[in-house]
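Presented below is the structure to which this report refers.
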Amino acid sequence: MYKKQVAFQKIVCFAALIAGALFFVYSLGIMTDLYDTLYSMIPNPNNLDSAKVSGARIYYDMQPFNRTLLRASIGMIVLACLLFITNTHSRRKYYAGNAAATFINAAAELFMAVWCHIQVSAFRSQYLSTVDFAALEKRLSRYGTYTDSTFWFDIHYVVCILAVATAILLIVNFIWKKRMMRGEKELLASSGKAVSA
């Protein structure tokens with residue numbers, strides 16, 4: 001049972017690292033797709049009303065969110081590294097540092113999932129309701145860069161669900177580890193050996 005738990009805690013810690021990396025890749029991907037289709041539609045970024053296609057301003061409207069998402073994803077990767085610095089991935093017994101690293105990561109995963117979902121859902125709605133796709137297709141058809149795909153808006157569900165799952169797994173792992181530590185302590189106490197907290 002101990003080996004299964006240690007293997008599980010390693011997997012969970014790597015999942016936290018992967019979740020941060022997924023948010024990072026997502027932050028790059030969503031804006032690249034919009035850049036290809038909408039950036040050239042606003043000749044003067046200082047005047048968003050100069051757009052050649054209505055709704056193209058969403059590219060600029062999303063910039064502050066995307067910058068924050070990019071920075072937060074780097075923060076998530078750093079926080080996931082904290083799991084490895086505190087040896088949460090391999091430690092036999094968890095201490096205060098392991099608990100802090102676990103709960104900070106779980107909270108960050110949950111926050112990012114909820115915040116990203118709310119923001120991306122609002123921008124997806126704006127994209128679908130304000131962009132004049134007929135005019136956009138007409139302008140971009142000769143360049144071959146036209147797309148009305150909402151792939152990058154829709155894939156956020158997968159990224160956010162994986163982040164929530166990672167947060168849950170971090171908590172499950174922590175509870176499992178604590179139960180094993182308690183069971184081990186009781187076993188040693190019943191055999192008459194001294195046990196340190």
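A note on labels: chains of the structure tokens are A, B, ... as shown, every chain counts residues from 1, and ligands are counted from 1 in their shown order.
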
Would you mind listing, for every residue of segment 64-115 of chain A within 12 Å of segment 53-59 of chain A, the two atoms forming the shortest contact and the distance between them in Å to one decimal, using only C-alpha atoms, sorted by chain and ascending residue number, as CSV?
residue,atom,partner,partner_atom,distance
A:Pro64,CA,A:Tyr59,CA,10.2
A:Phe65,CA,A:Tyr59,CA,10.7
A:Asn66,CA,A:Tyr59,CA,10.0

For those residues, write C-alpha atoms to a file as a PDB file, in the first residue's frame.
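Written file, part_18.pdb:
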ATOM      1  CA  PRO A  64      -4.793  42.376 -20.468  1.00  0.00           C
ATOM      2  CA  PHE A  65      -6.434  39.031 -19.647  1.00  0.00           C
ATOM      3  CA  ASN A  66      -3.889  37.134 -21.711  1.00  0.00           C
TER       4      ASN A  66
END

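In this comparison, which uses only C-alpha atoms, the residue of A:Ile85, A:Ile118, A:Trp176, A:Tyr60 approaching His156 of chain A most closely is A:Ile118.
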
Checklist entry - Glu137 of chain A: which residues within 12 Å, counting only C-alpha atoms, same-chain residues fewer than 2 positions away excluded, as a PyMOL selection string? => result chain A and resi 37-38+41+52-53+131-135+139-149

Keeping only C-alpha atoms, write the selected residues as an mmCIF file, in the first residue's frame.
data_model
loop_
_atom_site.group_PDB
_atom_site.id
_atom_site.type_symbol
_atom_site.label_atom_id
_atom_site.label_comp_id
_atom_site.auth_asym_id
_atom_site.auth_seq_id
_atom_site.Cartn_x
_atom_site.Cartn_y
_atom_site.Cartn_z
ATOM 1 C CA THR A 37 -7.303 36.478 -38.112
ATOM 2 C CA LEU A 38 -7.956 39.797 -36.383
ATOM 3 C CA MET A 41 -8.109 44.204 -39.230
ATOM 4 C CA LYS A 52 -11.878 47.131 -41.022
ATOM 5 C CA VAL A 53 -14.167 44.426 -39.603
ATOM 6 C CA VAL A 131 -17.219 39.795 -35.080
ATOM 7 C CA ASP A 132 -18.599 40.169 -38.610
ATOM 8 C CA PHE A 133 -17.474 36.792 -39.942
ATOM 9 C CA ALA A 134 -18.777 37.379 -43.477
ATOM 10 C CA ALA A 135 -16.688 40.548 -43.848
ATOM 11 C CA ARG A 139 -10.979 40.143 -46.450
ATOM 12 C CA LEU A 140 -8.860 37.131 -45.453
ATOM 13 C CA SER A 141 -9.860 34.592 -48.109
ATOM 14 C CA ARG A 142 -6.967 35.583 -50.377
ATOM 15 C CA TYR A 143 -4.419 35.092 -47.551
ATOM 16 C CA GLY A 144 -5.769 31.760 -46.350
ATOM 17 C CA THR A 145 -5.745 32.818 -42.698
ATOM 18 C CA TYR A 146 -9.509 33.025 -42.191
ATOM 19 C CA THR A 147 -11.078 30.911 -39.486
ATOM 20 C CA ASP A 148 -14.276 31.219 -37.533
ATOM 21 C CA SER A 149 -13.265 28.342 -35.296
#

Next on the checklist: So that I can check the surroundings of segment 161-167 of chain A, please list as a ChimeraX atom specification every protein, DNA and RNA residue that reaches within 8 Å of it, counting only C-alpha atoms and ignoring chain neighbours fewer than 5 positions away.
Outcome noted: /A:12,15-16,19,105-107,109-110,112-113

Checklist entry - Tell me, which residues of chain A carry DSSP alpha helix (DSSP H), written as an NGL selection string? => result :A and (2-38 or 58-61 or 63-85 or 96-130 or 133-140 or 151-154 or 156-190)

Checklist outcome for this item: The distance between atom CA of Met181 of chain A and atom CA of Ala108 of chain A is 25.9 Å

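Using only C-alpha atoms, the residues found no farther than 10 Å from Ile155 of chain A, other than those of its own chain fewer than 4 positions away, are Tyr26, Ile30, Thr150, Phe151, Val159 and Cys160 of chain A.
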
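Between atom CA of Leu187 of chain A and atom CA of Arg91 of chain A there is a distance of 19.3 Å.
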
Item to check | Polymer residues at most 10 Å from Val120 of chain A, only C-alpha atoms, same-chain spacing of 3 or more positions, as a PyMOL selection string | outcome: chain A and resi 30+62+65-66+115-117+123-126+152-154+156-157

Excluding Gly75 of chain A and its own-chain neighbours fewer than 4 positions away, which residues fall within 10 Å of it when counting only C-alpha atoms? Please give them as an mmCIF file with C-alpha atoms, in the first residue's frame.
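Output contents, as saved in part.cif:
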data_model
loop_
_atom_site.group_PDB
_atom_site.id
_atom_site.type_symbol
_atom_site.label_atom_id
_atom_site.label_comp_id
_atom_site.auth_asym_id
_atom_site.auth_seq_id
_atom_site.Cartn_x
_atom_site.Cartn_y
_atom_site.Cartn_z
ATOM 1 C CA GLY A 20 0.701 24.971 -15.096
ATOM 2 C CA PHE A 24 1.050 28.502 -20.328
ATOM 3 C CA LEU A 69 -2.989 34.452 -17.714
ATOM 4 C CA LEU A 70 0.566 34.093 -19.003
ATOM 5 C CA ARG A 71 2.064 35.454 -15.775
ATOM 6 C CA LEU A 79 4.280 26.787 -7.277
ATOM 7 C CA ALA A 80 4.352 23.246 -8.670
ATOM 8 C CA CYS A 81 8.145 23.323 -8.322
ATOM 9 C CA ALA A 108 -4.001 28.066 -7.163
#

Checklist entry - Which one is closest to Arg67 of chain A: A:Phe84, A:Tyr95, A:Phe23, A:Tyr39? Count only C-alpha atoms. => result A:Phe23

Checklist entry - To one decimal place, how far is atom CA of Ile11 of chain A from atom CA of Val172 of chain A in Å? => result 12.4 Å
